[in-house]
Structures are given as C-alpha cells and as structure tokens.
>>> print(open('data-v1.txt').read())   # compact mmCIF, C-alpha atoms and all ligand atoms
# COMPACT_ATOMS: atom_id res chain seq x y z
CA MET A 201 0.00 0.00 0.00
CA ARG A 202 1.33 3.46 -0.92
CA HIS A 203 0.99 6.63 1.16
CA LEU A 204 1.93 10.24 0.34
CA ILE A 205 3.84 11.69 3.28
CA ASP A 206 6.77 13.37 1.54
CA PRO A 207 6.85 14.69 -2.06
CA LEU A 208 9.63 12.20 -2.80
CA ASP A 209 7.35 9.26 -1.97
CA PHE A 210 6.39 9.50 -5.66
CA THR A 211 9.08 9.35 -8.32
CA ARG A 212 9.24 12.20 -10.78
CA GLN A 213 7.63 9.92 -13.42
CA GLU A 214 4.82 8.98 -11.03
CA THR A 215 4.32 12.64 -10.16
CA ASP A 216 4.16 13.66 -13.83
CA ARG A 217 1.68 10.88 -14.64
CA LEU A 218 -0.49 11.91 -11.68
CA LEU A 219 -0.46 15.54 -12.86
CA GLY A 220 -1.44 14.31 -16.32
CA LEU A 221 -4.40 12.49 -14.78
CA GLY A 222 -5.36 15.72 -13.00
CA GLU A 223 -5.43 17.44 -16.43
CA LYS A 224 -7.68 14.73 -17.84
CA ILE A 225 -10.07 15.07 -14.91
CA LEU A 226 -10.14 18.85 -15.31
CA GLU A 227 -11.02 18.47 -19.00
CA SER A 228 -13.74 15.81 -18.51
CA PRO A 229 -14.85 15.74 -14.86
CA GLN A 230 -18.10 13.91 -15.67
CA LYS A 231 -16.12 10.82 -16.72
CA TYR A 232 -14.88 10.48 -13.13
CA ALA A 233 -18.11 11.37 -11.31
CA HIS A 234 -18.78 7.83 -10.02
CA ARG A 235 -15.29 6.38 -9.77
CA CYS A 236 -15.35 6.49 -5.95
CA ASP A 237 -18.95 5.37 -5.41
CA GLY A 238 -19.07 3.59 -2.05
CA LYS A 239 -15.68 4.90 -0.89
CA ILE A 240 -15.07 7.14 2.13
CA LEU A 241 -12.35 9.74 2.72
CA GLY A 242 -11.44 10.54 6.34
CA THR A 243 -10.24 14.13 6.84
CA LEU A 244 -8.29 14.31 10.11
CA PHE A 245 -7.37 17.96 10.57
CA PHE A 246 -5.64 18.73 13.86
CA GLU A 247 -4.77 22.21 12.57
CA PRO A 248 -6.92 24.82 10.75
CA SER A 249 -7.37 24.68 6.98
CA THR A 250 -9.66 26.09 4.33
CA ARG A 251 -8.21 25.01 0.98
CA THR A 252 -6.65 21.67 1.74
CA ARG A 253 -9.54 20.20 3.72
CA LEU A 254 -12.30 21.60 1.54
CA SER A 255 -10.55 20.71 -1.71
CA PHE A 256 -9.99 17.15 -0.46
CA GLU A 257 -13.66 16.95 0.47
CA SER A 258 -14.73 18.48 -2.82
CA ALA A 259 -12.47 16.03 -4.66
CA MET A 260 -14.00 12.98 -2.98
CA LEU A 261 -17.57 14.25 -3.42
CA ARG A 262 -16.90 14.98 -7.12
CA LEU A 263 -15.68 11.39 -7.48
CA GLY A 264 -18.95 10.08 -6.06
CA GLY A 265 -17.50 9.17 -2.66
CA GLN A 266 -18.30 10.38 0.81
CA VAL A 267 -16.39 12.17 3.54
CA LEU A 268 -16.14 12.03 7.32
CA GLY A 269 -13.76 13.69 9.72
CA PHE A 270 -12.99 16.58 12.00
CA SER A 271 -11.66 20.03 11.31
CA ASP A 272 -9.88 20.76 14.58
CA ALA A 273 -8.14 18.72 17.23
CA GLY A 274 -10.53 20.11 19.86
CA SER A 275 -13.44 18.13 18.47
CA SER A 276 -11.54 14.83 18.43
CA SER A 277 -10.41 12.50 21.22
CA ALA A 278 -6.90 13.94 20.86
CA THR A 279 -8.07 16.31 23.61
CA LYS A 280 -8.41 13.25 25.88
CA GLY A 281 -4.87 12.21 25.05
CA GLU A 282 -5.49 9.69 22.26
CA SER A 283 -2.39 9.08 20.15
CA VAL A 284 -2.14 9.54 16.38
CA ALA A 285 -1.43 5.80 16.13
CA ASP A 286 -4.70 4.88 17.86
CA THR A 287 -6.65 7.52 15.94
CA ILE A 288 -5.59 6.09 12.56
CA ARG A 289 -6.25 2.52 13.74
CA MET A 290 -9.85 3.59 14.38
CA VAL A 291 -10.20 5.54 11.15
CA SER A 292 -8.83 2.55 9.20
CA GLY A 293 -12.10 0.84 10.09
CA TYR A 294 -14.29 3.83 9.18
CA ALA A 295 -12.78 5.10 5.92
CA ASP A 296 -10.93 3.84 2.82
CA ILE A 297 -8.32 6.62 2.65
CA ALA A 298 -7.30 9.43 5.03
CA ALA A 299 -5.87 12.94 4.71
CA MET A 300 -4.18 14.18 7.89
CA ARG A 301 -3.00 17.65 8.84
CA HIS A 302 -1.11 17.96 12.11
CA PHE A 303 0.80 20.67 13.92
CA LYS A 304 3.54 18.15 14.81
CA GLU A 305 6.18 17.38 12.19
CA GLY A 306 6.11 13.67 11.41
CA ALA A 307 2.59 12.92 12.72
CA PRO A 308 1.21 11.76 9.33
CA PHE A 309 4.29 9.54 8.92
CA VAL A 310 3.60 7.93 12.29
CA ALA A 311 -0.03 7.45 11.25
CA SER A 312 1.06 5.73 8.04
CA GLN A 313 3.02 3.17 10.10
CA TYR A 314 -0.15 2.05 11.93
CA SER A 315 -2.68 2.49 9.14
CA ARG A 316 -4.53 -0.12 7.12
CA ILE A 317 -5.59 2.53 4.58
CA PRO A 318 -3.54 5.01 2.48
CA VAL A 319 -2.54 8.12 4.45
CA ILE A 320 -1.96 11.49 2.81
CA ASN A 321 0.04 14.20 4.58
CA ALA A 322 -2.09 17.34 4.32
CA GLY A 323 0.63 19.44 6.00
CA ASP A 324 2.71 18.63 9.11
CA GLY A 325 3.98 21.58 11.13
CA GLY A 326 6.81 23.43 9.40
CA HIS A 327 7.87 20.26 7.61
CA GLN A 328 6.14 19.15 4.36
CA HIS A 329 2.94 19.73 2.37
CA PRO A 330 3.17 17.33 -0.58
CA THR A 331 -0.35 17.86 -1.98
CA GLN A 332 0.26 21.61 -2.11
CA THR A 333 3.38 20.80 -4.13
CA LEU A 334 1.34 18.70 -6.56
CA THR A 335 -1.02 21.66 -6.89
CA ASP A 336 1.90 24.05 -7.46
CA LEU A 337 3.49 21.81 -10.11
CA PHE A 338 0.10 21.38 -11.78
CA THR A 339 -0.25 25.18 -11.99
CA ILE A 340 3.29 25.69 -13.32
CA ARG A 341 2.74 23.02 -15.99
CA ARG A 342 -0.55 24.54 -17.07
CA ARG A 343 0.97 28.00 -17.32
CA ARG A 344 4.28 27.10 -18.99
CA GLY A 345 3.57 23.71 -20.56
CA LYS A 346 6.49 22.25 -18.57
CA VAL A 347 8.41 22.63 -15.35
CA ASP A 348 11.91 22.19 -16.82
CA GLY A 349 13.87 25.40 -17.36
CA VAL A 350 11.89 27.48 -14.86
CA THR A 351 13.40 30.40 -12.95
CA ILE A 352 11.52 30.67 -9.68
CA GLY A 353 11.69 33.20 -6.86
CA LEU A 354 10.43 31.85 -3.54
CA CYS A 355 9.64 34.81 -1.33
CA GLY A 356 8.78 35.31 2.34
CA ASP A 357 8.95 32.75 5.12
CA LEU A 358 11.31 30.17 3.69
CA LYS A 359 12.27 28.88 7.14
CA PHE A 360 8.94 27.62 8.45
CA GLY A 361 7.12 27.41 5.10
CA ARG A 362 6.30 23.73 4.55
CA THR A 363 4.95 24.46 1.06
CA VAL A 364 8.33 25.94 0.14
CA HIS A 365 10.26 22.98 1.56
CA SER A 366 8.17 20.46 -0.36
CA LEU A 367 8.26 22.46 -3.58
CA ILE A 368 12.06 22.77 -3.50
CA LYS A 369 12.38 19.01 -2.95
CA SER A 370 10.26 18.33 -5.99
CA LEU A 371 11.65 21.02 -8.28
CA VAL A 372 15.25 19.82 -8.00
CA ARG A 373 14.17 16.70 -9.92
CA TYR A 374 13.46 18.79 -13.06
CA GLU A 375 16.03 20.10 -15.56
CA ASN A 376 17.67 23.55 -15.51
CA VAL A 377 15.74 25.02 -12.62
CA ARG A 378 17.07 28.30 -11.22
CA PHE A 379 16.17 29.28 -7.65
CA TYR A 380 16.11 32.70 -6.04
CA PHE A 381 15.42 32.46 -2.32
CA ILE A 382 14.04 35.86 -1.29
CA SER A 383 13.75 36.31 2.47
CA PRO A 384 14.91 38.30 5.47
CA GLU A 385 17.93 36.88 7.27
CA GLU A 386 15.76 35.33 10.01
CA LEU A 387 13.52 33.42 7.58
CA ARG A 388 16.11 31.91 5.23
CA VAL A 389 15.72 28.41 3.80
CA PRO A 390 16.91 25.93 6.48
CA SER A 391 20.54 24.96 5.98
CA TYR A 392 19.66 21.24 5.83
CA ILE A 393 17.54 21.89 2.75
CA LEU A 394 20.31 23.89 1.10
CA LYS A 395 22.94 21.29 1.95
CA GLU A 396 20.98 18.09 1.39
CA VAL A 397 18.60 19.07 -1.40
CA VAL A 398 19.63 22.20 -3.33
CA MET A 399 23.43 21.96 -3.44
CA PRO A 400 23.64 18.28 -4.50
CA SER A 401 21.15 18.99 -7.32
CA GLY A 402 23.63 21.18 -9.18
CA HIS A 403 20.91 23.74 -9.97
CA GLN A 404 21.76 27.44 -9.80
CA TRP A 405 20.57 29.16 -6.65
CA GLU A 406 21.04 32.44 -4.83
CA GLU A 407 19.75 33.99 -1.63
CA VAL A 408 18.60 37.60 -2.01
CA ARG A 409 16.92 40.15 0.25
CA ALA A 410 14.96 42.33 -2.21
CA MET A 411 12.44 40.90 -4.68
CA GLU A 412 13.00 43.91 -6.94
CA ASP A 413 16.60 42.76 -7.58
CA VAL A 414 15.48 39.58 -9.35
CA MET A 415 11.97 40.43 -10.55
CA PRO A 416 12.89 40.82 -14.28
CA GLU A 417 14.35 37.29 -14.39
CA LEU A 418 11.48 35.36 -12.87
CA ASP A 419 9.09 32.98 -14.64
CA ILE A 420 7.40 32.14 -11.33
CA LEU A 421 7.12 34.29 -8.22
CA TYR A 422 6.03 32.07 -5.32
CA MET A 423 4.84 34.34 -2.50
CA THR A 424 4.31 33.01 1.02
CA ARG A 425 2.78 34.25 4.24
CA VAL A 426 4.85 34.94 7.35
CA GLN A 427 3.16 32.43 9.63
CA ARG A 428 2.26 33.81 13.03
CA GLU A 429 1.53 30.29 14.35
CA ARG A 430 5.14 29.13 13.84
CA PHE A 431 6.82 31.95 15.81
CA PHE A 432 7.88 31.55 19.43
CA ASN A 433 7.34 35.22 20.22
CA GLU A 434 4.95 37.87 18.92
CA GLU A 435 7.66 40.54 18.76
CA ASP A 436 9.60 38.69 16.04
CA TYR A 437 6.41 38.04 14.09
CA VAL A 438 5.39 41.71 14.17
CA ARG A 439 8.88 42.78 13.06
CA LEU A 440 8.96 40.40 10.10
CA LYS A 441 5.35 40.05 8.99
CA ASP A 442 5.39 42.81 6.39
CA SER A 443 8.88 42.13 5.03
CA TYR A 444 7.49 41.68 1.52
CA ILE A 445 4.38 43.23 0.01
CA LEU A 446 3.85 42.65 -3.70
CA THR A 447 2.26 45.67 -5.38
CA LYS A 448 1.45 46.68 -8.95
CA ASP A 449 4.41 49.01 -8.85
CA LYS A 450 6.85 46.19 -8.04
CA LEU A 451 5.48 44.18 -10.97
CA ARG A 452 6.39 46.85 -13.52
CA ALA A 453 9.81 45.25 -14.03
CA ALA A 454 8.43 41.70 -14.25
CA LYS A 455 8.06 39.56 -17.39
CA LYS A 456 4.75 39.73 -19.22
CA ASP A 457 4.34 35.97 -18.79
CA LEU A 458 5.33 35.81 -15.14
CA SER A 459 3.04 33.65 -12.97
CA ILE A 460 2.44 34.73 -9.39
CA LEU A 461 1.66 31.78 -7.15
CA HIS A 462 0.77 31.67 -3.46
CA PRO A 463 -0.37 28.61 -1.50
CA LEU A 464 -2.72 30.93 0.42
CA PRO A 465 -4.03 32.11 2.81
CA ARG A 466 -2.46 35.53 2.28
CA VAL A 467 -2.42 38.32 4.79
CA ASN A 468 -0.59 41.44 3.54
CA GLU A 469 2.05 39.97 1.25
CA ILE A 470 0.10 40.49 -1.97
CA ALA A 471 -1.82 43.76 -2.24
CA PRO A 472 -5.42 43.18 -3.45
CA GLU A 473 -4.68 45.53 -6.38
CA VAL A 474 -2.56 42.70 -7.86
CA ASP A 475 -5.51 40.26 -7.98
CA GLY A 476 -6.77 41.61 -11.32
CA ASP A 477 -3.39 41.25 -13.03
CA PRO A 478 -3.42 38.34 -15.51
CA ARG A 479 -0.15 37.16 -13.97
CA ALA A 480 -1.85 36.57 -10.60
CA VAL A 481 -2.82 32.90 -10.68
CA TYR A 482 -3.19 32.03 -7.00
CA PHE A 483 -6.96 31.56 -7.09
CA GLU A 484 -6.70 29.40 -10.23
CA GLN A 485 -3.91 27.50 -8.42
CA ALA A 486 -6.21 26.79 -5.45
CA ARG A 487 -8.96 25.54 -7.79
CA GLY A 488 -6.48 23.20 -9.49
CA GLY A 489 -5.95 21.56 -6.11
CA VAL A 490 -9.30 19.83 -6.46
CA PHE A 491 -8.33 18.04 -9.70
CA VAL A 492 -4.92 17.08 -8.37
CA ARG A 493 -6.47 15.64 -5.22
CA MET A 494 -9.06 13.76 -7.28
CA ALA A 495 -6.18 12.21 -9.21
CA LEU A 496 -4.36 11.38 -5.98
CA ILE A 497 -7.37 9.72 -4.34
CA LEU A 498 -7.99 7.57 -7.43
CA THR A 499 -4.32 6.62 -7.58
CA LEU A 500 -3.86 5.68 -3.93
CA LEU A 501 -7.14 3.74 -3.88
CA GLY A 502 -5.87 1.73 -6.86
CA LEU A 503 -8.79 2.89 -9.02
CA GLU A 504 -6.55 4.35 -11.73
CA LYS A 505 -3.84 2.01 -12.98
CA GLY A 506 -0.66 3.07 -14.71
CA ILE A 507 0.17 6.07 -12.52
CA LEU A 508 2.28 4.27 -9.93
CA SER A 509 5.26 2.32 -11.18
CA GLY A 510 4.77 -1.42 -11.27
CA GLU A 511 1.05 -1.15 -11.90
CA GLY A 512 -0.28 -2.19 -15.29
CA ALA A 513 -2.20 0.48 -17.21
N1 LIG B 1 -2.56 26.09 1.09
C1 LIG B 1 -3.07 25.61 2.23
O1 LIG B 1 -2.59 24.64 2.82
O2 LIG B 1 -4.18 26.30 2.68
P1 LIG B 1 -5.03 25.89 3.95
O3 LIG B 1 -4.17 26.08 5.16
O4 LIG B 1 -6.23 26.79 3.94
O5 LIG B 1 -5.39 24.44 3.79
>>> encode(input="data-v1.txt", output="structure tokens")
Amino acid sequence: MRHLIDPLDFTRQETDRLLGLGEKILESPQKYAHRCDGKILGTLFFEPSTRTRLSFESAMLRLGGQVLGFSDAGSSSATKGESVADTIRMVSGYADIAAMRHFKEGAPFVASQYSRIPVINAGDGGHQHPTQTLTDLFTIRRRRGKVDGVTIGLCGDLKFGRTVHSLIKSLVRYENVRFYFISPEELRVPSYILKEVVMPSGHQWEEVRAMEDVMPELDILYMTRVQRERFFNEEDYVRLKDSYILTKDKLRAAKKDLSILHPLPRVNEIAPEVDGDPRAVYFEQARGGVFVRMALILTLLGLEKGILSGEGA
C-alpha cells in the first residue's frame, strides 16, 4: 500500500503521470463522477485549513464518494490524550483513505506506520505539504507547458514554510531550474535543505533580500505568508510580517508571462490591487488543487492504474 507523506514518496515519473491524470479530470470531470462510489475519505485535521480540507472533500464528493472527519483537534479525542497511532487505527475501520493535517512534524508519517488505509500528509507543522506541491506543479505546468527550465523566486517565510520545503524538494528533480530564495535573514531556507537538497542537485541558486533585484528574471514568483503560528514570540512576528508586500508598482519590471503563485491564505504579502493582473494565478492555483487531489485519491485507492510504477495500465 502506498501513502503520500513526503513529495519524494512518488518518483518524478509517477508525479508527472499523476499531474497528467489531473489534467484529464479537469477536461472531462463527468467521466470520473462515479469512480469512488461507495468509498469514504477521512479528513483528520488537527490544525486549521480552508483550501486543503475543503478541496480534499470536494475532490471525494466529485468522485462520487463520501467524507467524514474533524476540522480541529478540539473536536476529536486527541483532547483526551489519544495518540495519532490509535486515531488512525480507528479511522482505518471507518474510511478507505485518510488525509491528515497535524501541527507536529512527522505525525502523518507515524499514522502511516499504523494504518490499514492510504494516508496522505495534508501538512505537518513546518515540515512538508506534498499535496500543495502537486497543486503548485500542476499550476506551473498549465501556465508554462512544462516545469523544466523554470526560474523561480520563492519569497517570504522560507524557514517555516512547509509548502516551500516540499516544492524545492520536488523542483530539483526537473532540468535547468534556477532558484532565487528571497527572504529576510531570520527566515532563510533551512541549511539542511540547502545542503541536502539544493546543493547536490547542481541547480543554480542564490539567496537575495529584495524581490526587486530579481523580478525581471522570474518565470514564477512564489509568494508566502509569514506564519504567526510558527513563531515563538509575537515581537519577532510583528517585526517580520510585512517584510514583503507585492504591489502593482513592483510588478512593472516583471516579465509579461510571469506567474504569481501563493499557496494561500495571504495576509498582507500580496496587495489586493494585484488580484486583477493576468499574472496573478493564486486563485486558479487553489482551484487546481481539487483536480490534483481527485487524481491522488484515485491513484492511492488503486482505481486508476498506470500512474504508480509497477502497476499495469
Ligand atoms: N494552502 C493551504 O494549505 O491552505 P489551507 O491552510 O487553507 O489548507
């Protein structure tokens, strides 16, 4: 049984085939409307979410399946001290597949060790968010036709940003990717990611402080929120929260075919005046998450053959 805990749990070929399935579903959703009849998705969200939980639920409902779950730890028996291992043992009897978000890094991995059903990491602390990465890659492919050759600026909280960590891990597997890591000193990409992921890849990379310095070179600008919930003290958050605010003025130097992505939610980092710019694709990106998650559910339930290696088409 396969799980998706880390973006590298799927090979690049598996990832590309899954994104291709997402495209097919987007083009002809009616063909997939009953593929999950009789199946149940468990959504175990120990931390708040709008997009990930609702897009997973929308995905399962659009496939003809059903959904059960909880949207905060407070309404589950975690408040009574139940472990993640016991929770997933229970849910394995109630659902056919589970998506888990947890504030603790590694919790979905632990769940996968005790589970009798496929487990999907829907974001664990400041660690990984592999289904957001699938959504990001899906958006980049739709905008550019391919991921290879992209110059990407990742901007904001690169230290705690799990979407950034997962995206970097995946992007290094493509050809000729160029990274600009745009952050204040305190929110730089963790050194283990630079040393273990970026440097061995041989891709060009640079850390910069000002987005304006690299704006003309970018194909993708990936904005992120400074996450209040990951800071140990409010003072540091307040000092850093408005480090980057993307405005129309800053976009004047950007390419005409730039794509501005953001995993969302945003706070101040993209001014609302940017939303009407054809280069702002973050809402389209969030919508794409439904098709990607439909593809993922079908794949992990074994209802779509030929995506995972070793399965016949
Ligand atoms: N992108 C993302 O994970 O959003 P939510 O926190 O709303 O799920």
>>> residues_around(input="data-v1.txt", residues="Leu496 of chain A", least_positions_apart="5", cutoff="10 Å", atoms="only C-alpha atoms", output="PyMOL selection string")
chain A and resi 204+215+218-219+221-222+256+259+320+331+334+490-491+501-502+504+507
>>> write_last_selection(input="data-v1.txt", atoms="C-alpha atoms", output="PDB file, in the frame of the given file")
ATOM      1  CA  LEU A 204       1.930  10.240   0.340  1.00  0.00           C
ATOM      2  CA  THR A 215       4.320  12.640 -10.160  1.00  0.00           C
ATOM      3  CA  LEU A 218      -0.490  11.910 -11.680  1.00  0.00           C
ATOM      4  CA  LEU A 219      -0.460  15.540 -12.860  1.00  0.00           C
ATOM      5  CA  LEU A 221      -4.400  12.490 -14.780  1.00  0.00           C
ATOM      6  CA  GLY A 222      -5.360  15.720 -13.000  1.00  0.00           C
ATOM      7  CA  PHE A 256      -9.990  17.150  -0.460  1.00  0.00           C
ATOM      8  CA  ALA A 259     -12.470  16.030  -4.660  1.00  0.00           C
ATOM      9  CA  ILE A 320      -1.960  11.490   2.810  1.00  0.00           C
ATOM     10  CA  THR A 331      -0.350  17.860  -1.980  1.00  0.00           C
ATOM     11  CA  LEU A 334       1.340  18.700  -6.560  1.00  0.00           C
ATOM     12  CA  VAL A 490      -9.300  19.830  -6.460  1.00  0.00           C
ATOM     13  CA  PHE A 491      -8.330  18.040  -9.700  1.00  0.00           C
ATOM     14  CA  LEU A 501      -7.140   3.740  -3.880  1.00  0.00           C
ATOM     15  CA  GLY A 502      -5.870   1.730  -6.860  1.00  0.00           C
ATOM     16  CA  GLU A 504      -6.550   4.350 -11.730  1.00  0.00           C
ATOM     17  CA  ILE A 507       0.170   6.070 -12.520  1.00  0.00           C
TER      18      ILE A 507
END
>>> residues_around(input="data-v1.txt", residues="Leu354 of chain A", least_positions_apart="6", cutoff="6 Å", atoms="only C-alpha atoms", output="PyMOL selection string")
chain A and resi 381-382+422
>>> residues_near_ligand(input="data-v1.txt", ligand="ligand LIG 1 (chain B)", cutoff="12 Å", atoms="only C-alpha atoms and all ligand atoms", output="JSON, numbers by chain")
{"A": [243, 245, 246, 247, 248, 249, 250, 251, 252, 253, 254, 255, 256, 257, 271, 299, 300, 301, 302, 303, 321, 322, 323, 324, 325, 326, 328, 329, 330, 331, 332, 333, 334, 335, 336, 361, 362, 363, 364, 366, 423, 424, 425, 427, 429, 461, 462, 463, 464, 465, 466, 482, 483, 485, 486, 487, 488, 489, 490]}
>>> atom_distance(input="data-v1.txt", atom1="atom CA of Leu358 of chain A", atom2="atom CA of Asp272 of chain A")
25.6 Å
>>> residues_around(input="data-v1.txt", residues="Glu223 of chain A", least_positions_apart="5", cutoff="9 Å", atoms="only C-alpha atoms", output="MDAnalysis selection string")
chainID A and resid 218 228 338 342 491:492 495
>>> atom_distance(input="data-v1.txt", atom1="atom CA of Leu208 of chain A", atom2="atom CA of Pro308 of chain A")
14.8 Å
>>> atom_distance(input="data-v1.txt", atom1="atom CA of Met290 of chain A", atom2="atom CA of Leu508 of chain A")
27.2 Å
>>> residues_around(input="data-v1.txt", residues="Gly510 of chain A", least_positions_apart="5", cutoff="12 Å", atoms="only C-alpha atoms", output="PyMOL selection string")
chain A and resi 202+211+213-214+502+505
>>> closest_residue(input="data-v1.txt", among="A:Glu385, A:Asp419, A:Glu435, A:Glu406", to="Arg479 of chain A", atoms="all atoms listed in the file")
A:Asp419
>>> residues_around(input="data-v1.txt", residues="Ser315 of chain A", least_positions_apart="4", cutoff="7 Å", atoms="all atoms listed in the file", output="list in words")
Ile288, Arg289, Ser292 and Ala311 of chain A
